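Structure file input-v8.txt (compact mmCIF, C-alpha atoms) follows.
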```
# COMPACT_ATOMS: atom_id res chain seq x y z
CA MET A 129 -28.51 -10.81 138.90
CA THR A 130 -28.51 -12.58 142.26
CA ILE A 131 -25.27 -14.58 142.57
CA GLU A 132 -24.11 -16.71 145.46
CA THR A 133 -20.76 -18.51 145.63
CA LEU A 134 -20.79 -21.93 147.30
CA LYS A 135 -17.41 -23.33 148.28
CA THR A 136 -15.78 -26.13 150.25
CA ASP A 137 -12.19 -27.32 150.46
CA GLY A 138 -12.63 -29.52 147.38
CA ALA A 139 -15.38 -27.88 145.33
CA SER A 140 -16.90 -24.56 144.31
CA LEU A 141 -19.61 -23.15 142.06
CA THR A 142 -21.74 -20.08 141.63
CA LEU A 143 -25.52 -20.10 142.03
CA HIS A 144 -27.44 -17.63 139.87
CA LEU A 145 -31.05 -17.02 140.86
CA ASN A 146 -32.03 -14.94 137.85
CA GLY A 147 -31.23 -17.27 134.98
CA PRO A 148 -32.95 -17.64 131.61
CA ASP A 149 -36.44 -18.93 130.89
CA TRP A 150 -36.71 -22.65 130.29
CA ASP A 151 -39.96 -23.54 128.53
CA GLY A 152 -41.43 -20.26 129.72
CA VAL A 153 -40.40 -20.64 133.36
CA ARG A 154 -37.50 -18.86 135.04
CA ALA A 155 -34.63 -21.21 135.90
CA ALA A 156 -31.72 -20.95 138.29
CA THR A 157 -28.27 -21.75 136.94
CA LEU A 158 -25.09 -23.26 138.37
CA GLY A 159 -21.85 -21.95 136.89
CA ASN A 160 -18.08 -21.78 137.36
CA VAL A 161 -18.12 -25.42 138.41
CA SER A 162 -14.91 -26.77 139.96
CA PHE A 163 -15.13 -30.18 141.63
CA LYS A 164 -11.65 -31.40 142.55
CA THR A 165 -12.98 -34.79 143.67
CA PRO A 166 -16.22 -36.65 142.91
CA GLN A 167 -17.28 -36.77 146.57
CA ALA A 168 -16.64 -33.07 147.17
CA GLY A 169 -18.57 -32.25 143.98
CA THR A 170 -21.48 -34.49 144.86
CA ASP A 171 -21.81 -32.94 148.32
CA LEU A 172 -21.63 -29.36 147.05
CA LEU A 173 -24.05 -30.00 144.19
CA GLN A 174 -26.63 -31.35 146.62
CA GLN A 175 -26.14 -28.26 148.77
CA ALA A 176 -26.64 -26.04 145.74
CA LEU A 177 -29.79 -27.87 144.64
CA ALA A 178 -31.23 -27.49 148.13
CA ARG A 179 -30.61 -23.74 147.88
CA VAL A 180 -32.33 -23.67 144.49
CA ARG A 181 -35.41 -25.40 145.92
CA ASP A 182 -35.44 -23.14 148.98
CA ALA A 183 -35.40 -20.11 146.67
CA GLY A 184 -38.60 -21.35 145.02
CA PHE A 185 -37.24 -22.63 141.70
CA ASP A 186 -38.36 -25.93 140.19
CA ARG A 187 -35.74 -26.07 137.44
CA VAL A 188 -32.01 -25.46 137.14
CA LEU A 189 -29.50 -25.35 134.29
CA GLY A 190 -25.81 -26.07 134.37
CA PRO A 191 -23.11 -25.42 133.88
CA MET A 192 -24.04 -21.83 133.12
CA ALA A 193 -22.67 -18.71 134.76
CA GLY A 194 -26.03 -16.96 134.76
CA ASP A 195 -26.70 -16.70 131.02
CA THR A 196 -25.41 -17.74 127.61
CA TRP A 197 -23.35 -14.55 127.29
CA HIS A 198 -21.03 -16.04 129.90
CA SER A 199 -19.38 -19.45 130.23
CA TYR A 200 -21.64 -22.50 129.88
CA ARG A 201 -21.63 -26.13 128.61
CA PHE A 202 -19.71 -29.25 129.63
CA VAL A 203 -17.39 -31.10 127.25
CA SER A 204 -19.15 -34.42 126.59
CA GLU A 205 -16.86 -35.99 123.95
CA SER A 206 -13.32 -35.20 122.86
CA ASP A 207 -10.54 -36.49 120.64
CA GLY A 208 -8.08 -35.48 123.37
CA THR A 209 -6.56 -32.48 121.61
CA PRO A 210 -5.80 -29.44 123.79
CA ALA A 211 -8.51 -26.88 124.41
CA PHE A 212 -8.55 -23.93 122.02
CA LEU A 213 -8.66 -20.32 123.09
CA MET A 214 -11.79 -19.49 125.18
CA GLU A 215 -13.13 -23.04 124.87
CA PRO A 216 -15.12 -24.50 127.81
CA ALA A 217 -13.18 -27.08 129.80
CA ASN A 218 -14.02 -29.35 132.72
CA ARG A 219 -12.81 -32.38 134.65
CA PRO A 220 -14.21 -35.66 133.27
CA HIS A 221 -16.06 -36.47 136.51
CA GLU A 222 -17.92 -33.15 136.73
CA PRO A 223 -20.68 -33.85 134.16
CA LEU A 224 -21.05 -37.35 135.62
CA ILE A 225 -21.85 -35.82 139.01
CA PHE A 226 -24.57 -33.67 137.43
CA ALA A 227 -25.96 -36.69 135.59
CA ALA A 228 -26.07 -38.72 138.82
CA ALA A 229 -28.13 -35.92 140.38
CA GLY A 230 -30.74 -36.25 137.62
CA PHE A 231 -29.56 -33.65 135.10
CA GLN A 232 -30.13 -34.45 131.44
CA PRO A 233 -28.93 -32.77 128.22
CA VAL A 234 -31.16 -29.91 127.09
CA ALA A 235 -28.90 -28.63 124.28
CA ARG A 236 -25.95 -30.08 122.37
CA TYR A 237 -23.08 -28.39 120.54
CA PHE A 238 -19.88 -29.29 118.70
CA SER A 239 -16.62 -27.85 117.41
CA ALA A 240 -15.17 -28.97 114.08
CA ARG A 241 -11.74 -28.54 112.53
CA MET A 242 -11.23 -28.02 108.82
CA PRO A 243 -8.00 -27.70 106.79
CA LEU A 244 -8.10 -24.46 104.87
CA ASP A 245 -6.60 -26.06 101.79
CA ILE A 246 -9.85 -27.96 101.17
CA CYS A 247 -12.01 -24.85 101.14
CA ASP A 248 -13.58 -24.05 97.79
CA PRO A 249 -11.65 -20.99 96.57
CA ALA A 250 -14.28 -20.09 93.96
CA PRO A 251 -16.09 -16.83 94.77
CA LEU A 252 -19.71 -17.00 95.81
CA PRO A 253 -22.41 -15.31 93.75
CA ALA A 254 -22.63 -11.59 94.39
CA PRO A 255 -24.88 -10.96 97.39
CA ALA A 256 -28.11 -9.05 97.04
CA GLY A 257 -29.11 -6.47 99.63
CA PHE A 258 -25.79 -6.36 101.49
CA THR A 259 -22.05 -6.07 101.07
CA VAL A 260 -19.35 -7.81 103.10
CA GLU A 261 -16.49 -5.69 104.41
CA VAL A 262 -13.50 -6.28 106.66
CA TRP A 263 -13.12 -4.24 109.84
CA ALA A 264 -10.68 -1.35 109.39
CA GLY A 265 -9.61 -1.64 113.04
CA ASP A 266 -10.73 1.85 114.04
CA ASP A 267 -13.09 2.96 116.83
CA PRO A 268 -13.40 -0.41 118.61
CA ASP A 269 -15.95 0.93 121.11
CA ALA A 270 -18.34 1.93 118.31
CA MET A 271 -17.75 -1.45 116.66
CA LEU A 272 -18.65 -3.32 119.85
CA ARG A 273 -21.79 -1.25 120.32
CA GLU A 274 -22.94 -2.11 116.80
CA VAL A 275 -22.18 -5.78 117.42
CA PHE A 276 -24.07 -5.72 120.72
CA ALA A 277 -27.18 -4.23 119.11
CA LEU A 278 -27.17 -6.82 116.31
CA SER A 279 -26.40 -9.69 118.71
CA SER A 280 -29.34 -8.73 120.89
CA ALA A 281 -31.64 -8.87 117.88
CA ALA A 282 -30.14 -11.96 116.22
CA PHE A 283 -29.92 -14.12 119.35
CA SER A 284 -33.14 -13.07 121.07
CA GLY A 285 -35.03 -16.07 119.70
CA ASN A 286 -32.46 -18.61 120.88
CA ALA A 287 -33.27 -21.02 123.67
CA PHE A 288 -32.14 -19.77 127.08
CA TYR A 289 -31.47 -16.26 125.77
CA THR A 290 -31.35 -13.53 128.41
CA PRO A 291 -30.82 -9.83 127.55
CA ILE A 292 -27.96 -7.98 129.22
CA PRO A 293 -27.10 -4.25 129.35
CA GLU A 294 -24.76 -2.84 126.75
CA SER A 295 -22.32 -1.87 129.51
CA ALA A 296 -22.03 -5.51 130.63
CA PHE A 297 -21.34 -6.60 127.04
CA LEU A 298 -18.61 -3.99 126.64
CA ASP A 299 -17.01 -5.03 129.93
CA MET A 300 -16.86 -8.64 128.70
CA TYR A 301 -15.40 -7.96 125.27
CA LYS A 302 -13.06 -5.00 125.74
CA PRO A 303 -10.35 -7.22 127.31
CA VAL A 304 -10.41 -9.36 124.14
CA LEU A 305 -9.81 -6.44 121.76
CA PRO A 306 -5.97 -6.61 121.89
CA MET A 307 -6.12 -10.22 120.63
CA LEU A 308 -8.26 -9.44 117.60
CA LYS A 309 -6.92 -9.22 114.07
CA PRO A 310 -9.01 -6.75 112.03
CA ALA A 311 -8.36 -8.82 108.90
CA LEU A 312 -10.38 -11.67 110.46
CA ILE A 313 -13.42 -9.59 111.46
CA PHE A 314 -16.17 -9.05 108.91
CA PHE A 315 -19.39 -7.10 108.65
CA ALA A 316 -22.36 -7.41 106.33
CA ARG A 317 -23.93 -4.02 105.67
CA ARG A 318 -27.13 -3.00 103.98
CA PRO A 319 -27.03 -0.38 101.19
CA ASP A 320 -27.75 2.36 103.77
CA GLY A 321 -24.76 1.28 105.89
CA ALA A 322 -26.78 -0.38 108.62
CA LEU A 323 -25.20 -3.48 110.12
CA ALA A 324 -26.84 -6.70 108.93
CA GLY A 325 -24.32 -9.24 110.22
CA PHE A 326 -20.91 -9.73 111.81
CA LEU A 327 -18.28 -12.45 112.10
CA PHE A 328 -15.47 -12.68 114.65
CA ALA A 329 -12.51 -14.98 114.06
CA ILE A 330 -9.40 -15.05 116.23
CA PRO A 331 -6.08 -16.89 116.05
CA ASN A 332 -5.87 -19.86 118.41
CA TYR A 333 -3.31 -18.28 120.72
CA ALA A 334 -3.67 -21.28 123.04
CA GLU A 335 -1.20 -22.88 120.59
CA GLY A 336 1.18 -19.92 120.87
CA LEU A 337 1.71 -16.67 118.99
CA ASP A 338 2.77 -18.51 115.84
CA THR A 339 -0.39 -20.62 115.67
CA LYS A 340 -1.53 -21.78 112.25
CA THR A 341 -5.16 -22.19 113.34
CA VAL A 342 -7.97 -19.64 113.29
CA ILE A 343 -11.09 -19.95 115.45
CA LEU A 344 -14.33 -18.88 113.82
CA LYS A 345 -15.77 -17.83 117.16
CA THR A 346 -19.07 -16.07 116.54
CA TYR A 347 -21.19 -14.88 113.69
CA ALA A 348 -24.73 -13.68 113.34
CA SER A 349 -26.81 -12.09 110.61
CA LEU A 350 -30.25 -10.66 110.02
CA ILE A 351 -30.27 -11.29 106.25
CA PRO A 352 -30.38 -14.81 104.74
CA GLY A 353 -27.08 -15.62 103.07
CA ALA A 354 -25.00 -13.01 104.86
CA GLY A 355 -23.52 -15.56 107.25
CA ARG A 356 -22.43 -17.83 104.40
CA HIS A 357 -20.70 -14.95 102.59
CA MET A 358 -18.91 -13.78 105.74
CA VAL A 359 -17.68 -17.32 106.48
CA HIS A 360 -16.36 -17.60 102.92
CA ALA A 361 -14.59 -14.25 103.30
CA CYS A 362 -13.11 -15.37 106.63
CA HIS A 363 -11.77 -18.63 105.19
CA ALA A 364 -10.20 -16.77 102.25
CA ALA A 365 -8.60 -14.15 104.50
CA ALA A 366 -7.23 -16.77 106.90
CA ARG A 367 -5.74 -18.71 104.00
CA ALA A 368 -4.12 -15.56 102.61
CA LEU A 369 -2.59 -14.82 106.02
CA GLY A 370 -0.94 -18.23 106.08
CA TYR A 371 -3.24 -20.08 108.45
CA GLN A 372 -3.64 -23.76 107.71
CA ALA A 373 -6.81 -24.72 109.59
CA VAL A 374 -10.01 -23.20 110.91
CA ILE A 375 -12.08 -24.25 113.91
CA HIS A 376 -15.84 -23.84 113.61
CA ALA A 377 -16.38 -23.31 117.32
CA LEU A 378 -19.25 -24.20 119.63
CA ILE A 379 -22.02 -24.68 117.08
CA HIS A 380 -25.48 -25.75 118.23
CA ASP A 381 -26.37 -29.12 116.73
CA ASP A 382 -29.61 -27.72 115.27
CA ASN A 383 -28.12 -24.54 113.82
CA ARG A 384 -27.99 -24.08 110.05
CA SER A 385 -24.26 -23.48 110.38
CA ALA A 386 -23.90 -27.06 111.66
CA ALA A 387 -24.95 -28.46 108.28
CA ARG A 388 -22.79 -25.89 106.52
CA SER A 389 -19.73 -26.91 108.54
CA ARG A 390 -20.23 -30.55 107.58
CA GLN A 391 -20.71 -29.66 103.91
CA GLU A 392 -17.46 -27.69 103.91
CA GLY A 393 -15.49 -30.63 105.30
CA GLY A 394 -15.43 -29.82 109.00
CA GLN A 395 -14.46 -32.81 111.18
CA VAL A 396 -15.98 -32.82 114.67
CA PHE A 397 -13.35 -33.13 117.41
CA ARG A 398 -15.32 -31.99 120.47
CA ARG A 399 -18.92 -32.16 121.64
CA TYR A 400 -20.60 -30.28 124.48
CA GLU A 401 -23.82 -30.39 126.45
CA LEU A 402 -25.88 -28.00 128.52
CA LEU A 403 -27.69 -29.93 131.26
CA GLY A 404 -30.96 -29.27 133.02
CA LEU A 405 -33.02 -30.61 135.91
CA LYS A 406 -36.74 -30.13 136.56
CA TRP A 407 -38.70 -31.03 139.68
CA ASP A 408 -42.45 -31.72 139.91
CA VAL A 409 -43.16 -30.79 136.28
```
Turn this file's structure into structure tokens for me.
Amino acid sequence: MTIETLKTDGASLTLHLNGPDWDGVRAATLGNVSFKTPQAGTDLLQQALARVRDAGFDRVLGPMAGDTWHSYRFVSESDGTPAFLMEPANRPHEPLIFAAAGFQPVARYFSARMPLDICDPAPLPAPAGFTVEVWAGDDPDAMLREVFALSSAAFSGNAFYTPIPESAFLDMYKPVLPMLKPALIFFARRPDGALAGFLFAIPNYAEGLDTKTVILKTYASLIPGAGRHMVHACHAAARALGYQAVIHALIHDDNRSAARSRQEGGQVFRRYELLGLKWDV
């Protein structure tokens, strides 16, 4: 991936010239945005867009640090509560600077908070074609490799998806391993043991070590219904561990899990946008 860092006294960002496809055309991306002042941000953004045009691109996405495996999205609405662990954050004027340059939303997301005491404790019907199990906590490298293979298959049809090497995935997630609680990590497996889905939840350590909130960070499945069963198992486990609330984090507005979050009583407290700009198309 071709990456260039642009920086002034009051602003910085990274320019990625091998971003994802956008409507079948390769896009550049602008990530790691830090505009201390509106004027510094405006000036640097114009410089970055000139570089994008000079490199032969007619479309650019931001904020996105190269791909959706890394940091992306601006906060667009908030109830003012502190950011949760690993949540995107930005200064209020930064998305306004992008909008003034002609960027428009190309994807929208939200996070919702739900008290665990309102979750339906009744067990779901027994699944067919898979079983849900909790991670035993052993062989984390093998676990991450399984998760990478399934993620690559499950997310490949998503907008703006870009494949990455397994080694890059491991480098990103190994530092997170010490923060994981095996009791909050679930797998759906087929009768032959093959992985059919996974779910990662993590305590919201941004609130401190004694946090009472769990973040349902990521889940994916290849079998209909597996995601719903893993979410139910996660909620039950979190409740048994004494957690009082769960955050359904960074859900795409059009994802099936968005409707499920609303049905389960999730209350949206933050919204996000990925922005894009096209020229001459």
Item to check | For region 173-189 of chain A: contacts at 7 Å, all atoms listed in the file, fewer than 4 positions along chain excluded, given as a VMD selection string | outcome: chain A and resid 155 to 158 169 403 to 407
Any idea what's packed within 10 Å of Glu205 (chain A), counting only C-alpha atoms, ignoring anything in its chain fewer than 3 positions away? Could you give it as a PDB file with C-alpha atoms, in the frame of the given file?
```
ATOM      1  CA  PHE A 202     -19.710 -29.250 129.630  1.00  0.00           C
ATOM      2  CA  GLY A 208      -8.080 -35.480 123.370  1.00  0.00           C
ATOM      3  CA  PRO A 220     -14.210 -35.660 133.270  1.00  0.00           C
ATOM      4  CA  PHE A 238     -19.880 -29.290 118.700  1.00  0.00           C
ATOM      5  CA  VAL A 396     -15.980 -32.820 114.670  1.00  0.00           C
ATOM      6  CA  PHE A 397     -13.350 -33.130 117.410  1.00  0.00           C
ATOM      7  CA  ARG A 398     -15.320 -31.990 120.470  1.00  0.00           C
ATOM      8  CA  ARG A 399     -18.920 -32.160 121.640  1.00  0.00           C
ATOM      9  CA  TYR A 400     -20.600 -30.280 124.480  1.00  0.00           C
ATOM     10  CA  GLU A 401     -23.820 -30.390 126.450  1.00  0.00           C
TER      11      GLU A 401
END
```
Checklist entry - Which protein, DNA or RNA residues have an atom at most 9 Å from (-25.2, -16.0, 134.3), counting all atoms listed in the file? List them as a PyMOL selection string. => result chain A and resi 129+131+143-148+157-159+192-200+290
Checklist entry - How far is it from CA of Phe283 (chain A) to CA of Ser239 (chain A), in Å with one decimal? => result 19.2 Å
Around all listed atoms of region 350-364 of chain A, padded 5 Å per side, what centre and edge lengths does the axis-aligned box have in Å to one decimal, as lines of an AutoDock Vina configuration file?
```
center_x = -20.3
center_y = -14.6
center_z = 106.1
size_x = 30.2
size_y = 18.0
size_z = 17.8
```
Checklist entry - How many Å separate CA of Ala365 (chain A) from CA of Val342 (chain A)? => result 10.4 Å
Next on the checklist: Please report the interatomic distance between CA of Tyr237 (chain A) and CA of Asp381 (chain A) in Å with one decimal.
Outcome noted: 5.1 Å
Next on the checklist: My list of candidates is A:Leu337, A:Ile375, A:Phe315, A:Leu327. Which is closest to Gly393 (chain A) when distances are computed with all atoms listed in the file?
Outcome noted: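 The closest residue to Gly393 (chain A) is A:Ile375.
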Item to check | Pick from A:Pro352, A:Pro306, A:Pro223, A:Gly257, whichever lies nearest to Pro331 (chain A) using all atoms listed in the file | outcome: A:Pro306
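The smallest atom-to-atom distance between Ile313 (chain A) and any of A:Asp267, A:Glu274, A:Glu261, A:Asp299, using only C-alpha atoms, is found for A:Glu261.
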Next on the checklist: Given all atoms listed in the file as the basis, pick out the residue of A:Leu402, A:Phe328, A:Tyr289, A:Lys135 nearest to Arg154 (chain A).
Outcome noted: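 Residue with the minimum atom-to-atom distance to Arg154 (chain A): A:Tyr289.
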Next on the checklist: Using only C-alpha atoms, can you tell me which of A:Val374, A:Val260, A:Leu312, A:Leu141 comes closest to Met358 (chain A)?
Outcome noted: A:Val260
Next on the checklist: For Ala254 (chain A), find every residue with an atom within 12 Å (counting all atoms listed in the file), except residues of its own chain fewer than 2 positions away, and show them as a ChimeraX atom specification.
Outcome noted: /A:250-252,256-260,353-354,356-357
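Residues lying within 10 Å of Asn218 (chain A), counting only C-alpha atoms and ignoring same-chain neighbours fewer than 2 positions away, are A:Asn160, A:Val161, A:Ser162, A:Phe163, A:Pro191, A:Arg201, A:Phe202, A:Val203, A:Ser204, A:Pro216, A:Pro220, A:His221, A:Glu222, A:Pro223.
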Checklist entry - Closest to Gln167 (chain A) among A:Asp269, A:Asp149, A:Asp137, A:Asp320, using all atoms listed in the file? => result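 For Gln167 (chain A), the nearest of the given residues is A:Asp137.
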